[in-house]
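**Student:** The file below is input.cif, mmCIF, C-alpha atoms and all ligand atoms:
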data_my_file
loop_
_atom_site.label_atom_id
_atom_site.label_comp_id
_atom_site.auth_asym_id
_atom_site.auth_seq_id
_atom_site.Cartn_x
_atom_site.Cartn_y
_atom_site.Cartn_z
CA MET A 2 45.35 3.56 -32.59
CA PRO A 3 46.51 4.21 -36.19
CA ASN A 4 49.86 2.68 -37.17
CA ARG A 5 50.26 0.59 -34.03
CA ALA A 6 49.78 -2.79 -35.73
CA LEU A 7 52.31 -1.77 -38.39
CA TRP A 8 54.91 -0.82 -35.76
CA ASP A 9 54.20 -3.88 -33.62
CA LEU A 10 54.93 -5.99 -36.69
CA ARG A 11 58.09 -4.04 -37.55
CA ALA A 12 59.28 -4.19 -33.93
CA ARG A 13 58.91 -7.98 -34.14
CA VAL A 14 60.82 -8.24 -37.44
CA HIS A 15 63.56 -5.60 -37.24
CA GLY A 16 66.96 -6.87 -36.27
CA THR A 17 66.00 -10.48 -36.95
CA THR A 18 66.66 -10.93 -40.69
CA ALA A 19 70.02 -11.40 -42.42
CA ASP A 20 69.45 -8.54 -44.90
CA ASP A 21 68.41 -5.93 -42.28
CA ARG A 22 69.97 -2.59 -43.38
CA PHE A 23 69.60 -0.71 -40.09
CA TYR A 24 69.28 -2.93 -37.05
CA ASP A 25 72.31 -5.17 -36.58
CA VAL A 26 71.66 -6.32 -33.01
CA GLU A 27 74.67 -8.63 -32.68
CA SER A 28 77.22 -5.94 -33.54
CA PHE A 29 75.41 -3.52 -31.19
CA LEU A 30 75.75 -6.12 -28.41
CA ALA A 31 79.44 -6.43 -29.28
CA GLY A 32 79.86 -2.70 -28.69
CA ARG A 33 79.08 -1.00 -32.02
CA GLN A 34 77.87 2.58 -31.65
CA THR A 35 74.60 2.86 -33.62
CA LEU A 36 74.12 6.63 -33.42
CA THR A 37 75.09 8.73 -36.43
CA SER A 38 77.76 11.41 -36.23
CA LEU A 39 75.06 14.05 -36.80
CA GLU A 40 73.02 12.85 -33.80
CA ARG A 41 76.15 12.73 -31.60
CA GLU A 42 77.21 16.22 -32.67
CA MET A 43 73.73 17.74 -32.21
CA VAL A 44 73.10 16.20 -28.79
CA GLY A 45 76.64 16.68 -27.41
CA ASP A 46 77.94 15.23 -24.17
CA VAL A 47 75.24 13.19 -22.42
CA ALA A 48 77.26 11.87 -19.46
CA GLY A 49 75.15 12.03 -16.30
CA LYS A 50 72.26 13.73 -18.09
CA ASP A 51 68.62 12.67 -18.01
CA LEU A 52 67.75 11.92 -21.63
CA LEU A 53 64.29 11.11 -22.99
CA HIS A 54 64.32 9.31 -26.34
CA LEU A 55 60.98 9.67 -28.12
CA GLN A 56 59.78 6.94 -30.51
CA CYS A 57 62.65 4.72 -29.47
CA HIS A 58 61.53 1.63 -31.44
CA PHE A 59 63.13 -1.46 -29.84
CA GLY A 60 65.63 0.61 -27.94
CA MET A 61 68.98 0.18 -29.69
CA ASP A 62 69.65 3.94 -29.96
CA THR A 63 68.28 4.58 -26.45
CA LEU A 64 70.74 2.01 -25.13
CA ASN A 65 73.54 3.67 -27.07
CA TRP A 66 72.78 6.94 -25.29
CA ALA A 67 72.96 4.93 -22.05
CA ARG A 68 76.30 3.47 -23.16
CA LEU A 69 77.55 7.06 -23.57
CA GLY A 70 76.63 7.77 -19.95
CA ALA A 71 73.08 9.14 -20.19
CA LYS A 72 70.35 8.21 -17.74
CA ALA A 73 68.13 7.20 -20.62
CA THR A 74 64.37 6.72 -20.89
CA GLY A 75 62.80 5.51 -24.16
CA VAL A 76 59.16 6.01 -25.12
CA ASP A 77 57.27 4.15 -27.81
CA PHE A 78 53.59 3.35 -28.33
CA SER A 79 54.30 -0.20 -29.50
CA PRO A 80 54.10 -2.72 -26.65
CA VAL A 81 56.14 -5.15 -28.77
CA ALA A 82 58.89 -2.53 -29.19
CA VAL A 83 58.93 -1.74 -25.47
CA GLU A 84 59.13 -5.42 -24.51
CA ARG A 85 61.97 -6.02 -26.98
CA ALA A 86 63.75 -2.88 -25.71
CA ARG A 87 63.65 -4.18 -22.14
CA GLU A 88 64.99 -7.57 -23.28
CA LEU A 89 67.76 -5.88 -25.26
CA ALA A 90 68.75 -3.80 -22.22
CA ASP A 91 69.08 -7.04 -20.21
CA ARG A 92 71.13 -8.72 -22.93
CA ALA A 93 73.40 -5.67 -23.28
CA GLY A 94 73.74 -5.23 -19.51
CA LEU A 95 72.76 -1.57 -19.85
CA ALA A 96 70.37 0.37 -17.62
CA ALA A 97 67.51 2.29 -19.25
CA THR A 98 63.80 2.79 -18.59
CA PHE A 99 61.24 2.05 -21.29
CA VAL A 100 57.73 3.53 -21.22
CA GLU A 101 54.81 2.54 -23.45
CA ALA A 102 53.04 5.77 -24.44
CA ASP A 103 51.79 7.84 -27.34
CA THR A 104 54.20 10.74 -27.88
CA GLN A 105 51.20 13.01 -28.46
CA ARG A 106 50.05 12.29 -24.88
CA LEU A 107 53.14 11.78 -22.75
CA PRO A 108 52.37 10.63 -19.21
CA ALA A 109 52.49 13.31 -16.51
CA HIS A 110 55.22 11.50 -14.54
CA LEU A 111 57.71 12.47 -17.30
CA ALA A 112 57.07 16.21 -16.77
CA ASP A 113 60.03 18.44 -15.99
CA GLY A 114 62.33 15.42 -15.71
CA PHE A 115 64.88 15.72 -18.54
CA ASP A 116 67.91 17.73 -19.61
CA LEU A 117 67.54 16.43 -23.15
CA VAL A 118 64.66 15.18 -25.28
CA VAL A 119 65.90 13.42 -28.42
CA ALA A 120 64.14 11.92 -31.44
CA SER A 121 65.53 10.83 -34.80
CA HIS A 122 65.02 9.29 -38.22
CA GLY A 123 61.36 8.74 -39.07
CA VAL A 124 59.56 10.54 -36.25
CA LEU A 125 57.11 13.32 -37.14
CA CYS A 126 55.68 11.66 -40.28
CA TRP A 127 53.72 9.38 -37.88
CA ILE A 128 52.30 12.21 -35.81
CA GLY A 129 48.83 13.62 -36.54
CA ASP A 130 48.97 16.32 -33.85
CA LEU A 131 52.29 18.10 -34.24
CA ASP A 132 51.46 20.73 -31.59
CA ALA A 133 50.69 18.01 -29.03
CA TRP A 134 54.02 16.30 -29.83
CA MET A 135 55.99 19.55 -29.37
CA SER A 136 54.11 20.46 -26.16
CA GLY A 137 54.91 16.99 -24.78
CA ALA A 138 58.61 17.44 -25.57
CA ALA A 139 58.58 20.89 -23.92
CA MET A 140 56.66 19.53 -20.91
CA ALA A 141 59.28 16.78 -20.37
CA LEU A 142 62.20 19.26 -20.36
CA ARG A 143 63.58 21.01 -17.31
CA PRO A 144 64.06 24.76 -17.74
CA GLY A 145 67.27 25.23 -19.75
CA GLY A 146 66.98 21.75 -21.29
CA SER A 147 66.93 21.11 -25.04
CA LEU A 148 64.99 19.18 -27.63
CA VAL A 149 67.13 17.68 -30.41
CA LEU A 150 65.27 16.40 -33.44
CA VAL A 151 67.06 14.83 -36.43
CA ASP A 152 64.56 13.73 -39.04
CA LEU A 153 63.92 13.22 -42.74
CA HIS A 154 63.85 16.54 -44.57
CA PRO A 155 60.40 17.35 -46.03
CA ALA A 156 61.95 18.01 -49.48
CA TYR A 157 63.46 14.50 -49.49
CA GLN A 158 60.14 13.06 -48.29
CA THR A 159 58.37 14.41 -51.40
CA ILE A 160 60.46 12.17 -53.71
CA ALA A 161 59.22 8.70 -54.69
CA SER A 162 62.07 7.82 -57.07
CA LEU A 163 65.17 9.49 -58.49
CA ASP A 164 65.32 7.77 -61.85
CA PRO A 165 62.82 8.58 -63.22
CA PHE A 166 62.46 11.65 -60.97
CA VAL A 167 58.97 11.27 -59.43
CA VAL A 168 57.46 13.43 -56.69
CA ASP A 169 54.39 11.92 -55.01
CA TRP A 170 54.13 13.54 -51.56
CA PRO A 171 53.18 17.06 -50.47
CA TYR A 172 55.70 19.47 -48.97
CA GLY A 173 53.88 19.89 -45.66
CA GLY A 174 50.28 20.66 -44.79
CA GLY A 175 49.84 17.91 -42.18
CA GLU A 176 47.01 16.19 -44.05
CA ALA A 177 46.56 12.46 -43.30
CA HIS A 178 47.77 10.12 -46.08
CA ARG A 179 46.58 6.54 -45.82
CA GLU A 180 48.16 3.50 -47.45
CA THR A 181 48.49 -0.23 -46.98
CA ILE A 182 52.09 -1.25 -46.28
CA SER A 183 53.39 -4.78 -46.79
CA ASP A 184 57.14 -4.25 -46.52
CA THR A 185 59.74 -2.56 -44.33
CA TYR A 186 62.50 -0.07 -45.07
CA ALA A 187 64.90 -2.22 -43.05
CA SER A 188 64.69 -5.38 -45.21
CA PRO A 189 63.77 -4.34 -48.78
CA GLY A 190 63.21 -7.92 -50.00
CA LEU A 191 60.89 -8.96 -47.18
CA GLU A 192 57.13 -9.13 -47.73
CA THR A 193 55.16 -8.58 -44.53
CA GLU A 194 51.49 -8.98 -43.62
CA PRO A 195 49.64 -5.90 -45.04
CA GLN A 196 48.95 -3.16 -42.46
CA GLU A 197 47.00 0.09 -42.70
CA SER A 198 49.09 3.21 -42.11
CA VAL A 199 48.54 6.95 -41.81
CA GLN A 200 51.35 9.43 -42.37
CA TYR A 201 51.47 13.22 -42.20
CA PRO A 202 53.75 15.56 -44.17
CA TYR A 203 55.11 18.63 -42.35
CA SER A 204 57.15 21.46 -43.83
CA LEU A 205 60.18 22.85 -41.99
CA GLY A 206 58.18 26.03 -41.37
CA GLU A 207 55.39 24.04 -39.69
CA ILE A 208 57.89 22.15 -37.52
CA VAL A 209 59.74 25.29 -36.37
CA THR A 210 56.45 27.10 -35.74
CA ALA A 211 55.18 24.17 -33.63
CA ALA A 212 58.39 24.29 -31.55
CA ALA A 213 57.95 28.04 -30.98
CA THR A 214 54.25 27.59 -30.15
CA ALA A 215 55.24 25.04 -27.48
CA GLY A 216 57.40 27.71 -25.82
CA LEU A 217 60.76 26.48 -27.13
CA THR A 218 63.47 28.77 -28.49
CA VAL A 219 65.02 27.39 -31.66
CA THR A 220 68.79 27.67 -31.30
CA SER A 221 69.77 25.88 -34.50
CA LEU A 222 68.21 24.50 -37.65
CA GLY A 223 70.46 22.54 -40.02
CA GLU A 224 69.69 21.08 -43.45
CA HIS A 225 72.03 18.27 -44.43
CA VAL A 226 72.89 17.35 -48.01
CA ALA A 227 75.58 14.73 -47.22
CA VAL A 228 74.66 12.13 -44.62
CA ASP A 229 76.00 8.80 -43.40
CA LEU A 230 72.90 6.71 -43.94
CA ASP A 231 70.35 6.23 -46.70
CA PRO A 232 67.04 6.35 -44.81
CA ARG A 233 64.77 5.17 -47.64
CA GLY A 234 67.14 3.29 -49.94
CA LEU A 235 66.93 5.99 -52.65
CA LEU A 236 70.46 7.35 -52.69
CA THR A 237 73.86 6.38 -53.99
CA ARG A 238 77.00 6.52 -51.93
CA GLY A 239 79.89 8.80 -52.93
CA GLU A 240 83.58 7.92 -52.74
CA ASP A 241 83.68 9.74 -49.39
CA GLY A 242 81.17 7.20 -48.00
CA LEU A 243 78.39 9.81 -47.71
CA TYR A 244 74.97 9.71 -49.37
CA ARG A 245 73.66 12.64 -51.44
CA LEU A 246 70.45 13.50 -53.27
CA PRO A 247 71.38 14.87 -56.71
CA PHE A 248 69.36 17.83 -58.01
CA GLY A 249 70.76 19.14 -61.29
CA ASP A 250 74.33 20.24 -60.54
CA SER A 251 73.53 20.56 -56.85
CA HIS A 252 72.01 18.53 -53.99
CA LEU A 253 68.79 18.60 -52.00
CA PRO A 254 68.79 18.10 -48.22
CA ILE A 255 68.13 14.58 -46.88
CA LEU A 256 67.93 15.32 -43.15
CA TYR A 257 67.24 18.35 -41.00
CA SER A 258 68.39 18.89 -37.43
CA LEU A 259 66.60 21.11 -34.95
CA ARG A 260 67.83 22.14 -31.53
CA ALA A 261 65.36 24.06 -29.37
CA ARG A 262 65.71 25.14 -25.74
CA LEU A 263 63.17 25.52 -22.96
CA PRO A 264 63.93 28.96 -21.46
CA ASP A 265 65.12 29.12 -17.81
C1 LIG B 301 61.18 4.87 -37.78
S1 LIG B 301 60.98 4.46 -36.11
C2 LIG B 301 62.05 5.62 -35.37
C3 LIG B 301 63.43 5.16 -35.50
C4 LIG B 301 64.11 5.10 -34.18
N1 LIG B 301 64.75 6.35 -33.90
C5 LIG B 301 65.10 3.98 -34.10
O1 LIG B 301 65.95 4.05 -33.23
O2 LIG B 301 65.01 3.01 -34.83
C6 LIG B 301 59.41 5.16 -35.67
C7 LIG B 301 58.97 4.76 -34.26
O3 LIG B 301 57.89 5.62 -33.90
C8 LIG B 301 56.98 4.86 -33.12
N2 LIG B 301 55.72 5.60 -33.13
C9 LIG B 301 54.94 5.93 -34.20
N3 LIG B 301 53.90 6.68 -33.82
C10 LIG B 301 54.01 6.85 -32.47
C11 LIG B 301 53.24 7.53 -31.49
N4 LIG B 301 52.13 8.23 -31.82
N5 LIG B 301 53.64 7.49 -30.20
C12 LIG B 301 54.76 6.79 -29.84
N6 LIG B 301 55.53 6.10 -30.73
C13 LIG B 301 55.17 6.14 -32.03
C14 LIG B 301 56.96 3.50 -33.79
O4 LIG B 301 56.48 2.48 -32.94
C15 LIG B 301 58.44 3.33 -34.16
O5 LIG B 301 59.11 2.63 -33.16
#
Please rewrite the model in this file as structure tokens.
Ligand SMILES: C[S@@+](CC[C@H](N)C(=O)[O-])C[C@H]1O[C@@H](n2cnc3c(N)ncnc32)[C@H](O)[C@@H]1O
**Tutor:**
Amino acid sequence: MPNRALWDLRARVHGTTADDRFYDVESFLAGRQTLTSLEREMVGDVAGKDLLHLQCHFGMDTLNWARLGAKATGVDFSPVAVERARELADRAGLAATFVEADTQRLPAHLADGFDLVVASHGVLCWIGDLDAWMSGAAMALRPGGSLVLVDLHPAYQTIASLDPFVVDWPYGGGEAHRETISDTYASPGLETEPQESVQYPYSLGEIVTAAATAGLTVTSLGEHVAVDLDPRGLLTRGEDGLYRLPFGDSHLPILYSLRARLPD
């Protein structure tokens, strides 16, 4: 399975090094809310709802949804991530279910079981079959339920560096791009054992079309130019604490947010 060794390794490392930019496990255990304001706003009140978190990594965000009252299930294809997620749930004293599965082939027992399907921050770039991913999300929803996707904007993904301004990635198309990775976005100084990876660029048009093809009705599509985290370590933080991507006198979007509903 492409990318699995890379994510097994990252699931082992994330949250364990002093310079980790994203996964502070101790403060999470002490009660810190790890979800961004954009995710909270897009997903809304989760109390009592069945929530499926796709590509949950080692479960910190899934467990935050549980902390907010959701009956949460996390899915990830990395057995290391799933094992760590279960351990973290025990340590946090929070109830959640974790399932090891490819999000392009969700198991049938998840069908029709959820009010919300949620995925965020570094999701679709790992997915070769976008239609299969969207059909899986639609299959897991109950009629009237919604998919909420908050992910890196394809315009932002095209940029390799800001100074000098270098673009090295296509705006969509879905073609496989292979590279050997020996670091992680979470700990910029850390060198890791080299792993083969495959990533896929999708345009916003391709993502919205895949949602519609899966039978979902898109109810909102947001493009966000000021966000509260710097997903790839490219951005500088303004005095208001938000990160922006300068583009001449204006700004390019960093994240997009999609909400799409399975009709009744
Ligand atoms: C950048 S992380 C997502 C961030 C996550 N929202 C979090 O809370 O940290 C990407 C995740 O996607 C998972 N993944 C990649 N390809 C997958 C696939 N085909 N099926 C299931 N999980 C996958 C990886 O194991 C990893 O945990």
**Student:** Identify which of the residues A:Val124, A:Ala141, A:Ala211, A:Ala48 lies closest to ligand LIG 301 (chain B), counting all atoms listed in the file when measuring atom-to-atom distances.
**Tutor:**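 Going through A:Val124, A:Ala141, A:Ala211, A:Ala48 one by one, the smallest distance to ligand LIG 301 (chain B) is for A:Val124.
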**Student:** Quick one: of A:Leu89, A:Ala97, A:Ala261, A:Met2, who's nearest to ligand LIG 301 (chain B), counting only C-alpha atoms and all ligand atoms?
**Tutor:**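 Nearest candidate to ligand LIG 301 (chain B) out of A:Leu89, A:Ala97, A:Ala261, A:Met2: A:Met2.
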**Student:** Taking a cut-off of 8 Å and counting all atoms listed in the file, can you build a table that, for each residue of range 33-118 of chain A near range 148-157 of chain A, reports the nearest atom pair and how far apart they are in Å (one decimal), sorted by chain then residue number, as a tab-separated table?
**Tutor:**
residue	atom	partner	partner_atom	distance
A:Glu40	CA	A:Val151	CA	6.8
A:Met43	CA	A:Val149	CA	6.8
A:Val44	CA	A:Val149	CA	6.4
A:Leu117	CA	A:Leu148	CA	5.8
A:Val118	CA	A:Leu148	CA	4.7
**Student:** 6 Å from ligand LIG 301 (chain B) is the threshold here; counting all atoms listed in the file, which polymer residues fall inside it? Answer as a PDB file with C-alpha atoms, in the frame of the given file.
**Tutor:**
ATOM      1  CA  TRP A   8      54.910  -0.820 -35.760  1.00  0.00           C
ATOM      2  CA  GLN A  56      59.780   6.940 -30.510  1.00  0.00           C
ATOM      3  CA  CYS A  57      62.650   4.720 -29.470  1.00  0.00           C
ATOM      4  CA  HIS A  58      61.530   1.630 -31.440  1.00  0.00           C
ATOM      5  CA  ASP A  62      69.650   3.940 -29.960  1.00  0.00           C
ATOM      6  CA  ASP A  77      57.270   4.150 -27.810  1.00  0.00           C
ATOM      7  CA  PHE A  78      53.590   3.350 -28.330  1.00  0.00           C
ATOM      8  CA  SER A  79      54.300  -0.200 -29.500  1.00  0.00           C
ATOM      9  CA  ALA A 102      53.040   5.770 -24.440  1.00  0.00           C
ATOM     10  CA  ASP A 103      51.790   7.840 -27.340  1.00  0.00           C
ATOM     11  CA  THR A 104      54.200  10.740 -27.880  1.00  0.00           C
ATOM     12  CA  GLN A 105      51.200  13.010 -28.460  1.00  0.00           C
ATOM     13  CA  SER A 121      65.530  10.830 -34.800  1.00  0.00           C
ATOM     14  CA  HIS A 122      65.020   9.290 -38.220  1.00  0.00           C
ATOM     15  CA  GLY A 123      61.360   8.740 -39.070  1.00  0.00           C
ATOM     16  CA  VAL A 124      59.560  10.540 -36.250  1.00  0.00           C
ATOM     17  CA  TRP A 127      53.720   9.380 -37.880  1.00  0.00           C
ATOM     18  CA  ILE A 128      52.300  12.210 -35.810  1.00  0.00           C
TER      19      ILE A 128
END
**Student:** One number please: CA of Tyr186 in chain A to CA of Arg260 in chain A, in Å, one decimal.
**Tutor:**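 Distance between the two atoms: 26.6 Å.
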**Student:** Excluding Pro202 in chain A and residues on its chain fewer than 4 positions from it, collect all residues at most 12 Å away from it, counting only C-alpha atoms, and give them as JSON, numbers by chain.
**Tutor:** {"A": [123, 124, 125, 126, 127, 128, 129, 130, 131, 153, 154, 155, 156, 157, 158, 159, 169, 170, 171, 172, 173, 174, 175, 176, 177, 178, 179, 206, 207, 208]}
**Student:** Could you check how far CA of Val81 in chain A sits from CA of Ala12 in chain A, in Å to one decimal?
**Tutor:**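 It comes out at 6.1 Å.
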**Student:** Would you list the residues near (74.8, 14.6, -16.8) (no more than 12 Å away, in the coordinates of the file, using all atoms listed in the file) as number ranges by chain?
**Tutor:** A: 45-52, 66-67, 69-73, 115-117, 146
